[in-house]
file model32.txt (compact mmCIF, C-alpha atoms)
# COMPACT_ATOMS: atom_id res chain seq x y z
CA MET U 1 -185.24 -38.63 87.58
CA SER U 2 -187.02 -40.17 84.58
CA PRO U 3 -187.79 -37.88 81.61
CA VAL U 4 -190.75 -35.56 82.15
CA ARG U 5 -193.44 -36.11 79.52
CA VAL U 6 -194.17 -32.58 78.28
CA ALA U 7 -196.66 -31.47 75.61
CA PHE U 8 -196.07 -28.03 74.10
CA VAL U 9 -199.21 -26.39 72.67
CA VAL U 10 -198.91 -23.64 70.03
CA HIS U 11 -200.86 -22.17 67.13
CA VAL U 12 -198.35 -22.98 64.37
CA MET U 13 -194.67 -23.91 64.67
CA GLN U 14 -193.62 -20.94 62.54
CA VAL U 15 -190.51 -18.78 62.91
CA ALA U 16 -191.53 -16.62 65.87
CA GLY U 17 -190.40 -16.07 69.43
CA ALA U 18 -192.59 -18.57 71.27
CA GLU U 19 -192.06 -21.28 68.69
CA VAL U 20 -188.28 -20.78 68.62
CA LEU U 21 -188.32 -21.14 72.41
CA VAL U 22 -190.23 -24.43 72.13
CA ARG U 23 -187.75 -25.77 69.57
CA GLU U 24 -184.72 -24.78 71.63
CA THR U 25 -186.25 -26.14 74.83
CA ILE U 26 -186.77 -29.51 73.15
CA ARG U 27 -183.27 -29.57 71.67
CA ARG U 28 -181.45 -28.39 74.78
CA LEU U 29 -183.23 -30.54 77.34
CA GLY U 30 -182.59 -33.69 75.33
CA GLY U 31 -183.27 -36.80 77.40
CA ARG U 32 -184.54 -34.83 80.40
CA ILE U 33 -187.96 -34.51 78.77
CA ARG U 34 -190.08 -36.64 76.45
CA PRO U 35 -191.61 -33.95 74.23
CA THR U 36 -194.72 -33.76 72.08
CA VAL U 37 -195.77 -30.68 70.12
CA PHE U 38 -199.48 -29.97 69.66
CA CYS U 39 -200.18 -27.51 66.81
CA LEU U 40 -203.71 -26.12 66.81
CA ASP U 41 -203.73 -24.83 63.23
CA ALA U 42 -200.80 -25.95 61.06
CA VAL U 43 -197.36 -27.57 61.32
CA GLY U 44 -195.20 -24.65 60.12
CA ARG U 45 -191.55 -24.45 59.13
CA ILE U 46 -190.12 -25.15 62.58
CA GLY U 47 -192.62 -27.98 62.96
CA GLU U 48 -191.26 -29.58 59.80
CA GLU U 49 -187.73 -29.28 61.23
CA LEU U 50 -188.77 -31.05 64.42
CA LEU U 51 -190.59 -33.79 62.54
CA ALA U 52 -187.40 -34.41 60.54
CA GLU U 53 -185.55 -34.73 63.85
CA GLY U 54 -188.01 -37.38 65.04
CA VAL U 55 -189.97 -35.21 67.48
CA ASP U 56 -193.56 -36.32 68.13
CA LEU U 57 -195.88 -33.69 66.66
CA VAL U 58 -199.67 -33.65 66.32
CA CYS U 59 -201.58 -31.07 64.24
CA PHE U 60 -205.30 -30.63 64.93
CA HIS U 61 -206.13 -28.38 61.92
CA ARG U 62 -208.55 -26.29 63.96
CA LYS U 63 -211.63 -25.02 62.15
CA PRO U 64 -212.46 -21.28 62.12
CA GLY U 65 -214.22 -20.00 65.23
CA ARG U 66 -214.56 -22.09 68.37
CA ASP U 67 -213.69 -25.66 67.41
CA TRP U 68 -214.73 -27.44 70.60
CA ARG U 69 -213.61 -30.83 69.35
CA VAL U 70 -210.00 -29.69 69.48
CA SER U 71 -210.04 -29.92 73.28
CA GLN U 72 -211.41 -33.46 73.06
CA ARG U 73 -208.63 -34.42 70.65
CA ILE U 74 -205.99 -32.78 72.85
CA ALA U 75 -207.31 -34.76 75.82
CA ALA U 76 -207.14 -38.01 73.86
CA ALA U 77 -203.56 -37.29 72.77
CA ILE U 78 -202.59 -36.46 76.36
CA ARG U 79 -204.05 -39.69 77.70
CA GLU U 80 -202.46 -41.75 74.93
CA ARG U 81 -198.99 -40.38 75.72
CA GLY U 82 -199.29 -40.17 79.48
CA VAL U 83 -198.38 -36.48 79.37
CA GLU U 84 -197.45 -35.09 82.79
CA VAL U 85 -197.06 -31.39 81.95
CA VAL U 86 -198.88 -29.38 79.28
CA HIS U 87 -197.10 -26.13 78.40
CA ALA U 88 -199.41 -23.81 76.45
CA HIS U 89 -197.79 -20.84 74.73
CA GLN U 90 -200.19 -17.91 74.40
CA TYR U 91 -203.83 -17.61 75.40
CA THR U 92 -205.69 -19.58 72.71
CA PRO U 93 -203.52 -22.72 73.08
CA PHE U 94 -204.05 -22.38 76.83
CA PHE U 95 -207.83 -22.01 76.39
CA TYR U 96 -208.15 -25.30 74.52
CA SER U 97 -205.68 -27.03 76.84
CA ALA U 98 -207.59 -25.86 79.92
CA LEU U 99 -210.83 -27.27 78.51
CA ALA U 100 -209.02 -30.56 77.83
CA LYS U 101 -207.69 -30.87 81.37
CA PRO U 102 -210.94 -32.03 83.06
CA LEU U 103 -211.35 -34.61 80.29
CA CYS U 104 -208.07 -36.13 81.47
CA GLY U 105 -209.12 -36.38 85.11
CA PHE U 106 -207.12 -33.22 85.95
CA ARG U 107 -203.95 -35.30 85.90
CA PRO U 108 -201.63 -33.31 83.61
CA LYS U 109 -200.27 -30.12 85.14
CA LEU U 110 -200.95 -27.07 82.98
CA ILE U 111 -198.71 -24.06 82.36
CA LEU U 112 -199.73 -20.86 80.57
CA THR U 113 -196.89 -18.76 79.19
CA GLU U 114 -197.74 -15.31 77.86
CA HIS U 115 -195.44 -13.84 75.22
CA GLY U 116 -196.69 -10.78 73.32
CA ARG U 117 -199.88 -8.82 73.83
CA HIS U 118 -202.30 -7.50 71.22
CA TYR U 119 -202.33 -3.80 70.40
CA PRO U 120 -204.53 -2.17 71.52
CA ASP U 121 -204.70 -4.57 74.47
CA ARG U 122 -208.40 -5.19 75.09
CA VAL U 123 -210.45 -8.30 75.83
CA SER U 124 -214.18 -8.81 76.26
CA PRO U 125 -215.74 -8.70 79.75
CA LEU U 126 -216.85 -12.32 79.20
CA ARG U 127 -213.30 -13.52 78.52
CA ARG U 128 -212.03 -11.71 81.59
CA ALA U 129 -214.77 -13.23 83.77
CA VAL U 130 -214.17 -16.75 82.44
CA ASN U 131 -210.46 -16.37 83.11
CA ARG U 132 -210.95 -15.07 86.64
CA LEU U 133 -213.62 -17.55 87.68
CA ALA U 134 -212.50 -20.71 85.87
CA LEU U 135 -209.46 -20.87 83.61
CA ASP U 136 -207.04 -19.27 86.07
CA HIS U 137 -207.84 -22.07 88.52
CA LEU U 138 -207.10 -24.73 85.89
CA ALA U 139 -203.56 -23.42 85.43
CA ASP U 140 -200.97 -24.93 87.76
CA ALA U 141 -198.45 -22.24 86.82
CA VAL U 142 -198.61 -18.97 84.88
CA THR U 143 -195.49 -17.35 83.45
CA ALA U 144 -194.69 -14.40 81.21
CA CYS U 145 -191.62 -13.47 79.17
CA CYS U 146 -191.43 -9.99 80.69
CA ALA U 147 -193.10 -7.85 83.34
CA PHE U 148 -195.15 -6.05 80.67
CA SER U 149 -196.76 -9.32 79.55
CA ALA U 150 -197.35 -10.32 83.17
CA ARG U 151 -199.18 -7.04 83.82
CA GLY U 152 -201.33 -7.61 80.74
CA LEU U 153 -202.35 -11.05 81.97
CA CYS U 154 -203.36 -9.58 85.31
CA ARG U 155 -204.88 -6.19 84.46
CA THR U 156 -206.49 -7.05 81.13
CA ASP U 157 -207.14 -10.80 81.22
CA GLY U 158 -208.00 -11.14 84.90
CA PHE U 159 -205.41 -13.70 86.01
CA ALA U 160 -204.22 -13.48 89.61
CA GLY U 161 -201.15 -11.26 89.46
CA ALA U 162 -199.45 -12.63 92.55
CA ARG U 163 -198.96 -16.06 90.98
CA ILE U 164 -197.53 -14.91 87.63
CA ALA U 165 -193.80 -15.60 87.40
CA VAL U 166 -191.57 -13.81 84.91
CA ILE U 167 -189.15 -16.08 83.04
CA GLU U 168 -187.29 -13.76 80.71
CA ASN U 169 -186.55 -14.62 77.10
CA GLY U 170 -183.03 -15.62 76.19
CA ILE U 171 -180.92 -16.03 73.08
CA GLU U 172 -177.77 -17.89 72.09
CA VAL U 173 -175.55 -14.97 73.05
CA ASP U 174 -172.38 -16.66 71.78
CA ARG U 175 -173.75 -16.60 68.19
CA TYR U 176 -173.58 -12.81 68.31
CA GLY U 177 -170.95 -10.26 69.14
CA PRO U 178 -168.90 -7.40 67.73
CA PRO U 179 -166.62 -8.30 64.80
CA ALA U 180 -162.86 -8.28 64.99
CA ASP U 181 -162.87 -5.99 61.95
CA LYS U 182 -166.03 -4.03 61.07
CA ASP U 183 -164.91 -3.31 57.50
CA VAL U 184 -164.35 -7.01 56.80
CA ALA U 185 -167.72 -7.85 58.38
CA LYS U 186 -169.43 -5.42 55.99
CA GLU U 187 -167.68 -6.80 52.94
CA GLU U 188 -168.63 -10.37 53.89
CA VAL U 189 -172.36 -9.54 53.60
CA GLY U 190 -172.02 -7.35 50.52
CA LEU U 191 -172.02 -3.93 52.18
CA GLU U 192 -169.65 -1.01 51.60
CA PRO U 193 -167.06 -0.55 54.36
CA GLU U 194 -167.06 3.23 53.94
CA ARG U 195 -170.76 3.51 54.82
CA ARG U 196 -172.52 3.04 58.15
CA TYR U 197 -175.74 1.09 58.63
CA LEU U 198 -178.84 1.22 60.80
CA ILE U 199 -180.43 -2.24 60.79
CA HIS U 200 -184.04 -3.26 61.40
CA VAL U 201 -185.08 -6.94 61.53
CA ALA U 202 -188.79 -7.76 61.69
CA ARG U 203 -191.80 -8.91 59.72
CA HIS U 204 -193.25 -6.05 57.66
CA HIS U 205 -196.48 -5.81 59.63
CA PRO U 206 -198.53 -2.86 60.98
CA VAL U 207 -197.68 -3.58 64.64
CA LYS U 208 -193.97 -3.14 63.83
CA ASP U 209 -194.71 0.38 62.50
CA GLN U 210 -191.87 0.49 60.00
CA LYS U 211 -193.46 3.61 58.48
CA THR U 212 -192.39 5.63 61.50
CA LEU U 213 -188.87 4.22 61.16
CA ILE U 214 -188.63 5.16 57.47
CA ARG U 215 -190.07 8.62 58.12
CA GLY U 216 -187.67 9.17 61.01
CA PHE U 217 -184.71 7.95 58.98
CA ALA U 218 -185.68 10.10 55.99
CA ALA U 219 -185.81 13.17 58.27
CA ALA U 220 -182.30 12.39 59.54
CA VAL U 221 -180.80 11.63 56.11
CA PRO U 222 -179.72 15.22 55.28
CA ASP U 223 -177.58 15.24 58.43
CA LEU U 224 -176.16 11.73 57.92
CA PRO U 225 -174.80 11.50 54.37
CA GLY U 226 -172.90 8.25 54.93
CA VAL U 227 -175.66 6.24 56.63
CA ASP U 228 -178.10 3.72 55.09
CA LEU U 229 -181.07 1.84 56.56
CA LEU U 230 -181.19 -1.95 56.16
CA MET U 231 -184.70 -3.40 56.25
CA VAL U 232 -184.42 -7.15 56.88
CA GLY U 233 -187.58 -9.23 56.61
CA ASP U 234 -190.74 -9.44 54.53
CA GLY U 235 -194.48 -9.26 54.99
CA PRO U 236 -197.76 -7.75 53.80
CA LEU U 237 -196.55 -4.14 54.06
CA ARG U 238 -193.36 -4.46 52.04
CA ASN U 239 -194.75 -2.82 48.89
CA GLU U 240 -196.15 0.08 50.92
CA LEU U 241 -192.84 0.57 52.71
CA GLU U 242 -190.89 0.56 49.47
CA ALA U 243 -193.34 3.11 48.05
CA LEU U 244 -192.93 5.28 51.15
CA ALA U 245 -189.16 5.32 50.70
CA VAL U 246 -189.69 6.53 47.13
CA GLU U 247 -192.22 9.15 48.28
CA LEU U 248 -189.76 10.47 50.86
CA ARG U 249 -186.98 10.52 48.25
CA VAL U 250 -184.72 8.03 50.03
CA PRO U 251 -185.07 4.85 47.91
CA ASP U 252 -181.30 4.70 47.46
CA ARG U 253 -180.73 4.98 51.21
CA VAL U 254 -183.26 2.36 52.39
CA ARG U 255 -182.26 -1.15 51.37
CA PHE U 256 -184.88 -3.90 51.51
CA LEU U 257 -182.94 -7.14 51.99
CA GLY U 258 -185.88 -9.53 52.37
CA ILE U 259 -185.71 -12.64 54.53
CA ARG U 260 -182.13 -13.53 55.43
CA THR U 261 -180.56 -16.53 57.16
CA ASP U 262 -177.34 -14.68 58.08
CA ILE U 263 -178.73 -12.38 60.77
CA PRO U 264 -175.69 -12.71 63.09
CA ASP U 265 -173.40 -11.64 60.22
CA LEU U 266 -175.66 -8.71 59.30
CA MET U 267 -175.75 -7.60 62.93
CA ARG U 268 -171.94 -7.68 63.07
CA ALA U 269 -171.79 -5.54 59.94
CA ALA U 270 -174.30 -2.95 61.18
CA ASP U 271 -173.56 0.08 63.35
CA ALA U 272 -176.89 0.52 65.17
CA PHE U 273 -180.27 -1.19 65.51
CA ALA U 274 -183.83 0.19 65.33
CA LEU U 275 -187.17 -1.19 66.52
CA THR U 276 -190.20 1.10 66.20
CA SER U 277 -193.05 -1.25 67.17
CA LEU U 278 -196.40 0.02 68.42
CA SER U 279 -196.34 -2.87 70.91
CA GLU U 280 -193.63 -5.35 71.84
CA ALA U 281 -193.03 -7.89 74.58
CA ALA U 282 -189.47 -9.24 74.81
CA SER U 283 -188.12 -8.96 71.27
CA LEU U 284 -185.56 -11.62 70.38
CA THR U 285 -184.10 -9.46 67.61
CA LEU U 286 -183.57 -6.66 70.12
CA LEU U 287 -181.68 -9.09 72.37
CA GLU U 288 -179.65 -10.26 69.37
CA ALA U 289 -178.74 -6.67 68.53
CA MET U 290 -177.63 -6.05 72.10
CA ALA U 291 -175.53 -9.22 72.08
CA SER U 292 -173.96 -7.88 68.87
CA ALA U 293 -172.95 -4.71 70.76
CA LEU U 294 -175.26 -2.51 68.68
CA PRO U 295 -176.71 0.62 70.29
CA ALA U 296 -180.49 0.52 69.93
CA VAL U 297 -183.13 3.05 68.91
CA VAL U 298 -186.45 1.69 70.21
CA THR U 299 -189.97 2.78 71.07
CA ALA U 300 -190.73 3.03 74.79
CA VAL U 301 -193.48 0.41 74.64
CA GLY U 302 -194.19 -2.97 76.21
CA GLY U 303 -191.11 -4.80 77.40
CA ASN U 304 -188.63 -2.61 75.49
CA PRO U 305 -187.83 -0.34 78.47
CA GLU U 306 -187.19 -3.44 80.60
CA ILE U 307 -184.53 -4.58 78.15
CA VAL U 308 -183.06 -1.29 76.92
CA ARG U 309 -182.59 1.43 79.50
CA HIS U 310 -182.60 4.96 78.11
CA GLU U 311 -179.07 6.28 77.58
CA GLN U 312 -177.58 3.09 79.00
CA GLU U 313 -178.04 0.50 76.24
CA GLY U 314 -179.92 2.66 73.76
CA LEU U 315 -182.30 5.53 73.19
CA LEU U 316 -186.07 5.34 73.75
CA PHE U 317 -188.75 7.49 72.14
CA PRO U 318 -192.61 7.44 72.06
CA ARG U 319 -194.48 5.17 69.66
CA GLY U 320 -195.38 6.80 66.36
CA ASP U 321 -192.99 9.73 66.95
CA ALA U 322 -191.04 10.05 63.70
CA ALA U 323 -189.34 13.25 64.87
CA GLY U 324 -188.22 11.53 68.08
CA CYS U 325 -186.96 8.61 66.03
CA ALA U 326 -184.99 10.97 63.78
CA ASP U 327 -183.43 12.73 66.78
CA ALA U 328 -182.34 9.42 68.30
CA ILE U 329 -180.82 8.24 65.00
CA ARG U 330 -178.93 11.51 64.58
CA ARG U 331 -177.64 11.33 68.13
CA LEU U 332 -176.21 7.83 67.72
CA PHE U 333 -174.52 8.45 64.38
CA ARG U 334 -173.17 11.88 65.32
CA ALA U 335 -171.60 10.65 68.58
CA PRO U 336 -169.68 7.44 67.81
CA ASP U 337 -168.07 7.22 71.26
CA PHE U 338 -171.47 7.53 72.94
CA ALA U 339 -172.91 4.92 70.58
CA ALA U 340 -170.01 2.55 71.24
CA ARG U 341 -170.56 2.86 74.99
CA LEU U 342 -174.26 2.05 74.64
CA GLY U 343 -173.40 -0.93 72.45
CA ALA U 344 -170.85 -2.27 74.93
CA ASN U 345 -173.37 -1.87 77.76
CA GLY U 346 -175.95 -3.78 75.71
CA ARG U 347 -173.55 -6.63 75.06
CA ALA U 348 -172.71 -6.88 78.78
CA ARG U 349 -176.40 -6.85 79.72
CA ALA U 350 -177.22 -9.60 77.22
CA VAL U 351 -174.38 -11.78 78.51
CA GLU U 352 -175.40 -11.25 82.12
CA ARG U 353 -179.18 -11.51 81.85
CA TYR U 354 -180.52 -12.92 78.57
CA GLN U 355 -178.84 -16.29 78.10
CA LEU U 356 -181.06 -18.92 76.48
CA ALA U 357 -179.53 -21.66 78.64
CA ARG U 358 -180.85 -19.94 81.77
CA THR U 359 -184.34 -19.53 80.29
CA VAL U 360 -184.53 -23.22 79.35
CA ASP U 361 -183.18 -24.30 82.73
CA GLU U 362 -185.85 -22.30 84.55
CA TYR U 363 -188.57 -23.97 82.51
CA TYR U 364 -187.11 -27.41 83.17
CA LYS U 365 -187.12 -26.75 86.92
CA LEU U 366 -190.79 -25.82 86.61
CA TYR U 367 -191.59 -29.01 84.66
CA ALA U 368 -189.77 -31.18 87.16
CA ARG U 369 -191.46 -29.53 90.14
CA LEU U 370 -194.95 -29.84 88.66
CA ALA U 371 -194.40 -33.45 87.54
CA THR U 372 -193.48 -34.51 91.07
CA SER U 373 -196.05 -32.44 92.97
call {"tool": "encode", "arguments": {"input": "model32.txt", "output": "structure tokens"}}
result
Amino acid sequence: MSPVRVAFVVHVMQVAGAEVLVRETIRRLGGRIRPTVFCLDAVGRIGEELLAEGVDLVCFHRKPGRDWRVSQRIAAAIRERGVEVVHAHQYTPFFYSALAKPLCGFRPKLILTEHGRHYPDRVSPLRRAVNRLALDHLADAVTACCAFSARGLCRTDGFAGARIAVIENGIEVDRYGPPADKDVAKEEVGLEPERRYLIHVARHHPVKDQKTLIRGFAAAVPDLPGVDLLMVGDGPLRNELEALAVELRVPDRVRFLGIRTDIPDLMRAADAFALTSLSEAASLTLLEAMASALPAVVTAVGGNPEIVRHEQEGLLFPRGDAAGCADAIRRLFRAPDFAARLGANGRARAVERYQLARTVDEYYKLYARLATS
């Protein structure tokens, strides 16, 4: 079969789940597809990487509000390249791609893939009606990264639920895993072997609700004298989070490491993982923690309970519940055998179910089927 000409449509090729998936799909499928990346707003860091690798990338620099000319420009780029399949990641890229489709004579097949959902998850009645009556019919396939996102597309956005397929996120599982020697792993990233570490990896943003994590950890600190919290990442809330650690009198126990490029090594050095988001779809960092055999403390929101089953791979608690977070942290660090069992279960589940190669292969099968239909 000749390469399938695929255009991937995103907001910005920044370091985020959907964009990482696009990059890995392009790299892993190699000659099986002829890719183009359409960025609505800006190129982004991953976009610069792909440009350096010779990938065709077009940025439309969308104006604020509804920039109707973007759809015209997308249509022109599709016609120029003879694109067979347009894969739009998230709703806004899909919206502009769907409007471009009639301008191309309805020839390219169009896929909508839903990743995360907004919190709180509400849309206007007009958007829902437009989706149900028009845009849903312009999509040749609709997928979601987890059942939670699929339900949001159906219940909130008005897409036909029966046609939404779930293609679960995946990671490079082999990059992660438990270390041969935990003490050595800690020393290699500048941590003390005699201490234990709870790690959190995410952008410092309100939806990630790191304040609940810090409050929960601070409440558990008196019972866990040898445990520190590692905050990996950066973002608009960092100063507030650092101030909260001072206010709660745990600045020496909460370490802000900033943006790091050695996440697999940090995961190997850690002893448990925490994710306290208000809303989450299929978190890649959660999958990475599981592949690293880390027991997880996570909020029971979005796709988290699909990935981590309570008392099997980790412990779940309600969003915003600092006391519940503290109890879960205490339980993991007070019962090392229990925590090790959860971590081993998580590693086995990641190996069995969340392999990136399988995710990419499922998308390629979809491209090939649509291109020949």
call {"tool": "closest_residue", "arguments": {"input": "model32.txt", "among": "U:Met13, U:Val254, U:Ala281, U:Ala322", "to": "Val301 in chain U", "atoms": "only C-alpha atoms"}}
result
U:Ala281
call {"tool": "closest_residue", "arguments": {"input": "model32.txt", "among": "U:Ala42, U:Ile26, U:Ala293, U:Val20", "to": "Pro179 in chain U", "atoms": "all atoms listed in the file"}}
result
U:Ala293
call {"tool": "residues_around", "arguments": {"input": "model32.txt", "residues": "His115 in chain U", "least_positions_apart": "2", "cutoff": "7 Å", "atoms": "all atoms listed in the file", "output": "number ranges by chain"}}
result
U: 18, 90, 113, 117, 144-145, 149, 281
call {"tool": "residues_around", "arguments": {"input": "model32.txt", "residues": "Arg34 in chain U", "least_positions_apart": "5", "cutoff": "9 Å", "atoms": "only C-alpha atoms", "output": "ChimeraX atom specification"}}
result
/U:3-7,26,83
call {"tool": "residues_around", "arguments": {"input": "model32.txt", "residues": "Arg369 in chain U", "least_positions_apart": "6", "cutoff": "12 Å", "atoms": "only C-alpha atoms", "output": "list in words"}}
result
Met1, Val4, Glu84, Val85, Lys109, Ile111, Asp140, Ala141, Glu362 and Tyr363 of chain U
call {"tool": "closest_residue", "arguments": {"input": "model32.txt", "among": "U:Arg69, U:His137, U:His89, U:His200", "to": "Glu114 in chain U", "atoms": "all atoms listed in the file"}}
result
U:His89
call {"tool": "atom_distance", "arguments": {"input": "model32.txt", "atom1": "CA of Pro336 in chain U", "atom2": "CA of Arg196 in chain U"}}
result
11.0 Å
